[in-house]
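Shown next: start-v6.pdb, given as PDB, C-alpha atoms.
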ATOM      1  CA  MET O  13       0.000   0.000   0.000
ATOM      2  CA  ILE O  14       1.236   3.513  -0.840
ATOM      3  CA  GLY O  15       0.855   6.230   1.792
ATOM      4  CA  VAL O  16       0.145   9.638   0.248
ATOM      5  CA  PHE O  17       0.002  13.281   1.359
ATOM      6  CA  ASP O  18      -1.337  16.437  -0.274
ATOM      7  CA  ILE O  19       0.039  19.303   1.815
ATOM      8  CA  GLY O  20      -1.312  22.806   1.270
ATOM      9  CA  GLY O  21      -0.982  26.060   3.144
ATOM     10  CA  THR O  22      -3.957  25.458   5.456
ATOM     11  CA  ASN O  23      -5.085  21.854   4.841
ATOM     12  CA  VAL O  24      -3.501  18.454   4.523
ATOM     13  CA  ARG O  25      -5.082  15.417   2.910
ATOM     14  CA  VAL O  26      -3.706  11.994   3.745
ATOM     15  CA  GLY O  27      -4.581   8.702   2.087
ATOM     16  CA  LEU O  28      -3.727   5.185   1.061
ATOM     17  CA  VAL O  29      -3.430   4.143  -2.585
ATOM     18  CA  SER O  30      -3.368   0.525  -3.734
ATOM     19  CA  GLU O  31      -0.596  -0.817  -5.946
ATOM     20  CA  ASP O  32      -2.939  -0.683  -8.949
ATOM     21  CA  GLY O  33      -3.656   3.024  -8.487
ATOM     22  CA  GLU O  34      -6.941   3.062  -6.566
ATOM     23  CA  LEU O  35      -7.459   5.569  -3.741
ATOM     24  CA  VAL O  36      -8.608   3.296  -0.917
ATOM     25  CA  VAL O  37      -9.199   5.856   1.837
ATOM     26  CA  SER O  38      -8.357   9.501   2.566
ATOM     27  CA  ARG O  39      -8.805  12.067   5.315
ATOM     28  CA  SER O  40      -8.663  15.884   5.112
ATOM     29  CA  ARG O  41      -7.639  17.944   8.119
ATOM     30  CA  LEU O  42      -6.929  21.583   8.899
ATOM     31  CA  ILE O  43      -3.267  22.101   9.748
ATOM     32  CA  PRO O  44      -3.025  23.268  13.398
ATOM     33  CA  PRO O  45      -2.366  27.014  13.531
ATOM     34  CA  ASN O  46       1.169  28.064  14.425
ATOM     35  CA  ALA O  47       2.478  24.513  14.065
ATOM     36  CA  ASP O  48       6.248  24.395  13.725
ATOM     37  CA  ALA O  49       7.953  21.749  11.593
ATOM     38  CA  ARG O  50       8.074  19.137  14.368
ATOM     39  CA  LYS O  51       4.431  19.581  15.398
ATOM     40  CA  PHE O  52       3.367  19.514  11.765
ATOM     41  CA  LEU O  53       5.297  16.309  11.123
ATOM     42  CA  ASP O  54       3.838  14.639  14.229
ATOM     43  CA  PHE O  55       0.372  15.714  13.095
ATOM     44  CA  ILE O  56       0.520  14.273   9.567
ATOM     45  CA  CYS O  57       2.305  11.092  10.634
ATOM     46  CA  ALA O  58      -0.382  10.406  13.227
ATOM     47  CA  ILE O  59      -3.053  10.637  10.533
ATOM     48  CA  LEU O  60      -1.232   8.264   8.191
ATOM     49  CA  GLY O  61      -0.503   5.881  11.051
ATOM     50  CA  SER O  62      -4.178   5.744  11.998
ATOM     51  CA  LEU O  63      -5.200   5.010   8.392
ATOM     52  CA  VAL O  64      -2.670   2.199   8.099
ATOM     53  CA  ALA O  65      -3.854   0.685  11.391
ATOM     54  CA  ALA O  66      -7.534   0.975  10.465
ATOM     55  CA  GLU O  67      -7.012  -0.679   7.082
ATOM     56  CA  ASP O  68      -4.636  -3.278   8.573
ATOM     57  CA  GLU O  69      -2.269  -2.735   5.655
ATOM     58  CA  GLU O  70       1.493  -2.583   5.267
ATOM     59  CA  LEU O  71       3.137   0.472   3.721
ATOM     60  CA  THR O  72       5.590  -0.158   0.908
ATOM     61  CA  VAL O  73       6.368   3.449  -0.055
ATOM     62  CA  ILE O  74       5.215   7.016   0.636
ATOM     63  CA  GLY O  75       4.510   9.820  -1.829
ATOM     64  CA  ALA O  76       3.895  13.433  -0.840
ATOM     65  CA  GLY O  77       3.025  16.590  -2.699
ATOM     66  CA  SER O  78       3.727  19.748  -0.706
ATOM     67  CA  CYS O  79       3.587  23.475  -1.250
ATOM     68  CA  GLY O  80       6.977  25.151  -1.319
ATOM     69  CA  VAL O  81      10.303  24.979  -3.118
ATOM     70  CA  ILE O  82      11.423  21.346  -3.066
ATOM     71  CA  ARG O  83      14.665  19.661  -3.995
ATOM     72  CA  ASP O  84      15.758  16.064  -3.314
ATOM     73  CA  GLY O  85      12.828  15.413  -0.980
ATOM     74  CA  SER O  86      13.402  18.500   1.176
ATOM     75  CA  ILE O  87      11.162  21.549   1.404
ATOM     76  CA  LEU O  88      13.710  24.343   1.139
ATOM     77  CA  TYR O  89      11.229  27.189   1.539
ATOM     78  CA  SER O  90       7.486  27.295   2.091
ATOM     79  CA  PRO O  91       6.036  30.836   2.162
ATOM     80  CA  ASN O  92       2.455  29.704   2.868
ATOM     81  CA  THR O  93       3.102  27.710   6.060
ATOM     82  CA  GLN O  94       4.282  28.543   9.582
ATOM     83  CA  TRP O  95       7.300  26.286   9.110
ATOM     84  CA  LYS O  96       9.645  27.358   6.337
ATOM     85  CA  SER O  97      11.906  24.356   5.729
ATOM     86  CA  LEU O  98      11.688  20.632   6.369
ATOM     87  CA  ALA O  99      13.605  17.519   5.247
ATOM     88  CA  LEU O 100      10.287  15.767   4.697
ATOM     89  CA  ALA O 101      11.324  12.648   2.751
ATOM     90  CA  GLU O 102      14.020  11.823   5.289
ATOM     91  CA  ALA O 103      11.625  12.393   8.194
ATOM     92  CA  LEU O 104       8.881  10.213   6.698
ATOM     93  CA  THR O 105      11.333   7.416   5.962
ATOM     94  CA  SER O 106      12.587   7.599   9.533
ATOM     95  CA  ARG O 107       9.062   7.428  10.957
ATOM     96  CA  PHE O 108       7.672   4.640   8.758
ATOM     97  CA  GLN O 109      10.811   2.796   7.623
ATOM     98  CA  VAL O 110       9.853   2.899   3.934
ATOM     99  CA  PRO O 111      11.172   4.994   1.016
ATOM    100  CA  ALA O 112       9.491   8.390   0.554
ATOM    101  CA  ALA O 113       9.276  10.680  -2.477
ATOM    102  CA  VAL O 114       8.384  14.348  -1.986
ATOM    103  CA  ILE O 115       7.497  16.704  -4.839
ATOM    104  CA  ASN O 116       5.768  20.054  -5.195
ATOM    105  CA  ASP O 117       2.007  19.830  -4.664
ATOM    106  CA  ALA O 118       1.300  21.294  -8.099
ATOM    107  CA  ASP O 119       3.562  18.620  -9.611
ATOM    108  CA  ALA O 120       1.547  15.943  -7.817
ATOM    109  CA  PHE O 121      -1.695  17.461  -9.092
ATOM    110  CA  ALA O 122      -0.291  17.679 -12.633
ATOM    111  CA  LEU O 123       0.762  14.014 -12.608
ATOM    112  CA  GLY O 124      -2.645  13.018 -11.273
ATOM    113  CA  VAL O 125      -4.709  14.837 -13.858
ATOM    114  CA  TYR O 126      -2.365  13.887 -16.713
ATOM    115  CA  HIS O 127      -2.070  10.176 -15.968
ATOM    116  CA  PHE O 128      -5.480   9.507 -14.412
ATOM    117  CA  GLU O 129      -8.174  12.126 -15.056
ATOM    118  CA  PHE O 130      -7.261  13.109 -18.634
ATOM    119  CA  LYS O 131      -5.257  10.053 -19.636
ATOM    120  CA  ASN O 132      -4.381  10.157 -23.364
ATOM    121  CA  GLN O 133      -6.493  13.301 -23.950
ATOM    122  CA  PHE O 134      -3.621  15.809 -24.085
ATOM    123  CA  SER O 135      -0.008  15.509 -25.220
ATOM    124  CA  GLY O 136       0.844  17.808 -22.334
ATOM    125  CA  LEU O 137      -0.755  20.288 -19.963
ATOM    126  CA  CYS O 138      -0.183  23.059 -17.459
ATOM    127  CA  ALA O 139      -1.849  22.413 -14.113
ATOM    128  CA  LEU O 140      -2.664  25.349 -11.840
ATOM    129  CA  THR O 141      -3.795  25.034  -8.217
ATOM    130  CA  LEU O 142      -5.761  27.978  -6.840
ATOM    131  CA  GLY O 143      -5.933  28.124  -3.065
ATOM    132  CA  SER O 144      -3.877  29.656  -0.252
ATOM    133  CA  GLY O 145      -1.269  30.255  -2.927
ATOM    134  CA  LEU O 146      -0.985  29.647  -6.659
ATOM    135  CA  GLY O 147       0.873  26.523  -7.682
ATOM    136  CA  GLY O 148       1.734  25.547 -11.221
ATOM    137  CA  SER O 149       3.319  22.643 -13.044
ATOM    138  CA  LEU O 150       3.822  21.452 -16.612
ATOM    139  CA  VAL O 151       3.833  17.805 -17.663
ATOM    140  CA  SER O 152       4.006  15.922 -20.951
ATOM    141  CA  GLU O 153       4.730  12.395 -22.133
ATOM    142  CA  ARG O 154       8.369  13.125 -21.303
ATOM    143  CA  GLY O 155       7.514  13.807 -17.653
ATOM    144  CA  LEU O 156       7.473  16.885 -15.452
ATOM    145  CA  VAL O 157       9.063  20.074 -16.753
ATOM    146  CA  ARG O 158      11.934  21.240 -14.562
ATOM    147  CA  SER O 159      13.845  24.494 -14.391
ATOM    148  CA  MET O 160      17.551  24.507 -15.182
ATOM    149  CA  SER O 161      18.235  24.362 -11.426
ATOM    150  CA  GLY O 162      16.242  21.151 -11.197
ATOM    151  CA  ILE O 163      13.174  22.382  -9.320
ATOM    152  CA  SER O 164       9.587  22.800 -10.417
ATOM    153  CA  PRO O 165       8.996  26.198 -12.095
ATOM    154  CA  GLU O 166       7.587  28.730  -9.611
ATOM    155  CA  ILE O 167       4.674  29.810 -11.782
ATOM    156  CA  GLY O 168       2.962  31.585  -8.893
ATOM    157  CA  HIS O 169       5.874  33.988  -8.719
ATOM    158  CA  ILE O 170       5.815  35.237 -12.269
ATOM    159  CA  LYS O 171       5.969  39.025 -11.970
ATOM    160  CA  VAL O 172       2.786  40.565 -13.327
ATOM    161  CA  ARG O 173       2.952  44.062 -11.853
ATOM    162  CA  GLU O 174       6.079  46.074 -11.100
ATOM    163  CA  GLY O 175       5.955  47.350  -7.530
ATOM    164  CA  GLY O 176       2.587  45.650  -7.042
ATOM    165  CA  ALA O 177       0.990  43.873  -4.110
ATOM    166  CA  ARG O 178       3.221  42.215  -1.556
ATOM    167  CA  CYS O 179       3.551  38.447  -1.849
ATOM    168  CA  ARG O 180       4.197  35.974   0.947
ATOM    169  CA  CYS O 181       7.461  35.037  -0.757
ATOM    170  CA  GLY O 182       8.776  38.457   0.305
ATOM    171  CA  GLY O 183       8.606  40.004  -3.144
ATOM    172  CA  SER O 184       5.929  42.125  -4.776
ATOM    173  CA  GLY O 185       3.863  41.977  -7.923
ATOM    174  CA  CYS O 186       3.823  38.164  -8.097
ATOM    175  CA  LEU O 187       0.938  36.422  -9.844
ATOM    176  CA  GLU O 188       0.130  34.689  -6.550
ATOM    177  CA  ALA O 189      -0.388  38.074  -4.899
ATOM    178  CA  TYR O 190      -3.406  38.544  -7.196
ATOM    179  CA  VAL O 191      -4.597  34.945  -7.616
ATOM    180  CA  SER O 192      -5.039  33.352  -4.189
ATOM    181  CA  LYS O 193      -7.486  33.126  -1.308
ATOM    182  CA  ARG O 194      -6.078  36.206   0.390
ATOM    183  CA  ALA O 195      -6.025  38.202  -2.843
ATOM    184  CA  LEU O 196      -9.666  37.389  -3.555
ATOM    185  CA  MET O 197     -10.774  38.361  -0.049
ATOM    186  CA  ASP O 198      -8.757  41.603  -0.112
ATOM    187  CA  SER O 199     -10.211  42.505  -3.489
ATOM    188  CA  TYR O 200     -13.757  41.757  -2.339
ATOM    189  CA  ARG O 201     -13.406  44.026   0.694
ATOM    190  CA  ARG O 202     -11.739  46.743  -1.379
ATOM    191  CA  TYR O 203     -14.856  46.843  -3.558
ATOM    192  CA  GLY O 204     -17.064  47.311  -0.512
ATOM    193  CA  GLY O 205     -18.082  43.705   0.091
ATOM    194  CA  SER O 206     -19.903  42.614   3.234
ATOM    195  CA  ALA O 207     -17.873  42.084   6.398
ATOM    196  CA  ASP O 208     -19.908  38.897   6.973
ATOM    197  CA  ILE O 209     -18.260  37.251   3.964
ATOM    198  CA  LEU O 210     -15.302  35.311   5.357
ATOM    199  CA  SER O 211     -14.142  32.828   2.707
ATOM    200  CA  PRO O 212     -13.853  32.361  -1.070
ATOM    201  CA  TYR O 213     -16.848  30.019  -0.832
ATOM    202  CA  ASP O 214     -18.870  32.841   0.710
ATOM    203  CA  VAL O 215     -17.714  35.244  -2.008
ATOM    204  CA  TYR O 216     -18.838  32.759  -4.646
ATOM    205  CA  GLN O 217     -22.247  32.413  -3.038
ATOM    206  CA  ALA O 218     -22.476  36.203  -2.996
ATOM    207  CA  PHE O 219     -21.548  36.214  -6.693
ATOM    208  CA  ARG O 220     -24.385  33.809  -7.409
ATOM    209  CA  ARG O 221     -26.751  36.226  -5.668
ATOM    210  CA  GLY O 222     -25.592  39.066  -7.908
ATOM    211  CA  ASP O 223     -23.282  40.784  -5.402
ATOM    212  CA  ASP O 224     -21.447  43.543  -7.311
ATOM    213  CA  ALA O 225     -18.320  43.412  -5.127
ATOM    214  CA  ALA O 226     -18.050  39.655  -5.635
ATOM    215  CA  GLU O 227     -18.389  40.015  -9.408
ATOM    216  CA  LYS O 228     -15.636  42.635  -9.485
ATOM    217  CA  ALA O 229     -13.324  40.626  -7.197
ATOM    218  CA  PHE O 230     -13.619  37.510  -9.348
ATOM    219  CA  ALA O 231     -13.133  39.561 -12.507
ATOM    220  CA  VAL O 232      -9.855  40.943 -11.150
ATOM    221  CA  LEU O 233      -8.666  37.465 -10.188
ATOM    222  CA  GLY O 234      -9.620  36.178 -13.637
ATOM    223  CA  ARG O 235      -7.817  38.957 -15.496
ATOM    224  CA  TYR O 236      -4.568  38.362 -13.634
ATOM    225  CA  LEU O 237      -4.843  34.599 -13.955
ATOM    226  CA  GLY O 238      -5.479  34.877 -17.695
ATOM    227  CA  ALA O 239      -2.534  37.242 -18.103
ATOM    228  CA  GLY O 240      -0.283  34.815 -16.253
ATOM    229  CA  MET O 241      -1.538  31.942 -18.367
ATOM    230  CA  SER O 242      -0.745  33.873 -21.546
ATOM    231  CA  THR O 243       2.854  34.243 -20.377
ATOM    232  CA  ILE O 244       3.057  30.513 -19.691
ATOM    233  CA  TYR O 245       1.538  29.770 -23.086
ATOM    234  CA  ASN O 246       3.933  32.084 -24.935
ATOM    235  CA  ILE O 247       6.876  30.197 -23.400
ATOM    236  CA  PHE O 248       5.676  26.576 -23.281
ATOM    237  CA  ALA O 249       2.541  26.397 -25.500
ATOM    238  CA  PRO O 250       0.703  23.755 -23.450
ATOM    239  CA  PRO O 251      -2.340  22.387 -25.299
ATOM    240  CA  ALA O 252      -4.408  22.587 -22.113
ATOM    241  CA  PHE O 253      -4.625  24.331 -18.762
ATOM    242  CA  VAL O 254      -6.185  22.317 -15.942
ATOM    243  CA  LEU O 255      -7.411  24.219 -12.889
ATOM    244  CA  GLY O 256      -7.599  22.743  -9.397
ATOM    245  CA  GLY O 257      -7.597  23.877  -5.784
ATOM    246  CA  GLY O 258     -10.480  25.223  -3.740
ATOM    247  CA  ILE O 259     -11.017  28.410  -5.742
ATOM    248  CA  SER O 260     -11.439  26.386  -8.938
ATOM    249  CA  ARG O 261     -14.889  25.439  -7.619
ATOM    250  CA  ALA O 262     -15.879  29.035  -8.402
ATOM    251  CA  ALA O 263     -14.646  28.819 -12.010
ATOM    252  CA  ARG O 264     -17.971  30.015 -13.373
ATOM    253  CA  ALA O 265     -17.312  33.381 -11.721
ATOM    254  CA  PHE O 266     -13.879  34.064 -13.205
ATOM    255  CA  LEU O 267     -13.422  31.965 -16.364
ATOM    256  CA  PRO O 268     -14.883  34.600 -18.737
ATOM    257  CA  ALA O 269     -12.235  37.083 -17.567
ATOM    258  CA  VAL O 270      -9.545  34.389 -17.792
ATOM    259  CA  ARG O 271     -10.400  33.540 -21.392
ATOM    260  CA  GLN O 272     -10.474  37.178 -22.412
ATOM    261  CA  ALA O 273      -7.095  37.980 -20.839
ATOM    262  CA  LEU O 274      -5.502  34.790 -22.170
ATOM    263  CA  ALA O 275      -6.660  35.501 -25.724
ATOM    264  CA  LYS O 276      -5.419  39.083 -25.469
ATOM    265  CA  GLY O 277      -1.953  38.059 -24.273
ATOM    266  CA  MET O 278      -1.266  35.105 -26.573
ATOM    267  CA  MET O 279       1.181  35.645 -29.400
ATOM    268  CA  LYS O 280      -0.030  34.654 -32.854
ATOM    269  CA  GLY O 281       1.507  31.696 -34.615
ATOM    270  CA  ILE O 282       2.670  29.772 -31.524
ATOM    271  CA  GLY O 283      -0.041  27.165 -31.742
ATOM    272  CA  PRO O 284      -3.764  26.479 -31.388
ATOM    273  CA  ARG O 285      -5.693  28.102 -28.561
ATOM    274  CA  PRO O 286      -5.319  25.937 -25.440
ATOM    275  CA  ARG O 287      -8.276  24.352 -23.726
ATOM    276  CA  ILE O 288      -9.129  25.428 -20.185
ATOM    277  CA  VAL O 289     -10.687  22.698 -18.062
ATOM    278  CA  VAL O 290     -11.491  22.370 -14.366
ATOM    279  CA  SER O 291     -10.453  19.162 -12.649
ATOM    280  CA  LYS O 292     -13.272  17.115 -11.178
ATOM    281  CA  MET O 293     -10.815  14.954  -9.235
ATOM    282  CA  ARG O 294      -9.152  17.892  -7.424
ATOM    283  CA  SER O 295      -7.409  16.603  -4.267
ATOM    284  CA  ARG O 296      -7.892  13.007  -5.409
ATOM    285  CA  ALA O 297      -5.732  13.815  -8.429
ATOM    286  CA  SER O 298      -2.996  15.170  -6.150
ATOM    287  CA  LEU O 299      -2.983  12.011  -4.028
ATOM    288  CA  LEU O 300      -2.874   9.756  -7.078
ATOM    289  CA  GLY O 301      -0.108  11.906  -8.556
ATOM    290  CA  ALA O 302       1.940  11.594  -5.368
ATOM    291  CA  ALA O 303       1.454   7.821  -5.500
ATOM    292  CA  TYR O 304       2.480   7.772  -9.164
ATOM    293  CA  GLN O 305       5.697   9.646  -8.329
ATOM    294  CA  ALA O 306       6.499   7.343  -5.414
ATOM    295  CA  ARG O 307       5.905   4.246  -7.488
ATOM    296  CA  SER O 308       7.973   5.662 -10.383
ATOM    297  CA  SER O 309      10.832   6.598  -8.050
ATOM    298  CA  PHE O 310      11.041   3.384  -6.053
ATOM    299  CA  GLY O 311       9.266   0.740  -8.134
ATOM    300  CA  PRO O 312      12.500  -1.035  -9.192
ATOM    301  CA  VAL O 313      13.633  -1.123  -5.551
ATOM    302  CA  LEU O 314      10.338  -2.628  -4.373
ATOM    303  CA  GLU O 315      10.026  -5.299  -7.060
TER     304      GLU O 315
END
Step by step, read the file and then write its structure as structure tokens.
Amino acid sequence: MIGVFDIGGTNVRVGLVSEDGELVVSRSRLIPPNADARKFLDFICAILGSLVAAEDEELTVIGAGSCGVIRDGSILYSPNTQWKSLALAEALTSRFQVPAAVINDADAFALGVYHFEFKNQFSGLCALTLGSGLGGSLVSERGLVRSMSGISPEIGHIKVREGGARCRCGGSGCLEAYVSKRALMDSYRRYGGSADILSPYDVYQAFRRGDDAAEKAFAVLGRYLGAGMSTIYNIFAPPAFVLGGGISRAARAFLPAVRQALAKGMMKGIGPRPRIVVSKMRSRASLLGAAYQARSSFGPVLE
């Protein structure tokens, strides 16, 4: 059995995946506020341990997708969590005595949607996760796209506005500073939205009721997201963009603005207009992608 994690800025999802790629069980939990690296590790390991005990299964390998900059199984920097660095693969192996593979959470989501949800539908795709931050990954039949330094491209930190809004990475004007949970809530309040609206879900419900501030906030998010996607397209020309993360559930509210900004920013002659689709698997795709990576990394060792 493969133990899997999908680690975001505020939530963690933990599960077990069978050797033939079926998600057997999963649990989603809020990450305890102000948890340092040790408390966080104890927290997620306890969840996985309880799942293994309940299913009376034996772990063979662990796969984890986590927010942050990741190299060789270590989270070097994570701007959207209380803890900023963690040798996660080493720690998981020490706790469970099995090999562990750790990749960026957007990479895990990309592998999941490419190999499971949209299998054989696209020659490649760009996956974007919209939540506490903005994650992004590109994958094709040749595998995950890596930067020249060997890490996953930090799509959320494309600069879209010189001297713009502050980002949790410490910089300013990043795409993530305009396309994230916090950005949406700030925008909604800036347009005079109700103080009773406390989450992106609430903003979406307000949008459905015709709330003007909600419509404007989602339009801003969509314009920036579409502009960022046009930059990605002009460099990599993915045939499809797949959206995931909690905010993707509100796609109806921002996709018109996304499509308009993407079309405006695309250079002519690069290729056909990419499709934009919303994942129906969402966190399930991330867990399956983490399992796929673990199995790919350690399959020869386990056989």
In Å, how far is it from CA of Cys179 in chain O to CA of Pro165 in chain O?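 Separation of CA of Cys179 in chain O and CA of Pro165 in chain O: 16.9 Å.
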Pick from O:Phe134, O:Phe17, O:Tyr89, O:Tyr216: nearest to Phe121 in chain O, with all atoms listed in the file counted? O:Phe17
In terms of only C-alpha atoms, the residue from O:Gly168, O:Gly234, O:Gly311, O:Gly33 at minimal distance from Cys79 in chain O is O:Gly168
Hey, which of O:Ala303, O:Met13, O:Phe108, O:Gly77 ends up closest to Gly61 in chain O? Count only C-alpha atoms.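 The shortest atom-to-atom distance to Gly61 in chain O comes from O:Phe108.
Considering the residues O:Tyr245, O:Gln272, O:Pro91, O:Pro250 and counting all atoms listed in the file, Val232 in chain O has its shortest atom-to-atom contact with O:Gln272.
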Which one is closest to Gly240 in chain O: O:Leu60, O:Ala262, O:Ala273, O:Met293? Count all atoms listed in the file. O:Ala273
I'd like to know which of O:Leu300, O:Ala49, O:Met241, O:Val73 is closest to Ala275 in chain O, using all atoms listed in the file.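 With all atoms listed in the file as the atom set, the closest residue is O:Met241.
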Gly256 in chain O surroundings by only C-alpha atoms, 9 Å radius, close-in-sequence under 3 positions cut, as a PyMOL selection string: chain O and resi 121+139-143+259-261+290-295
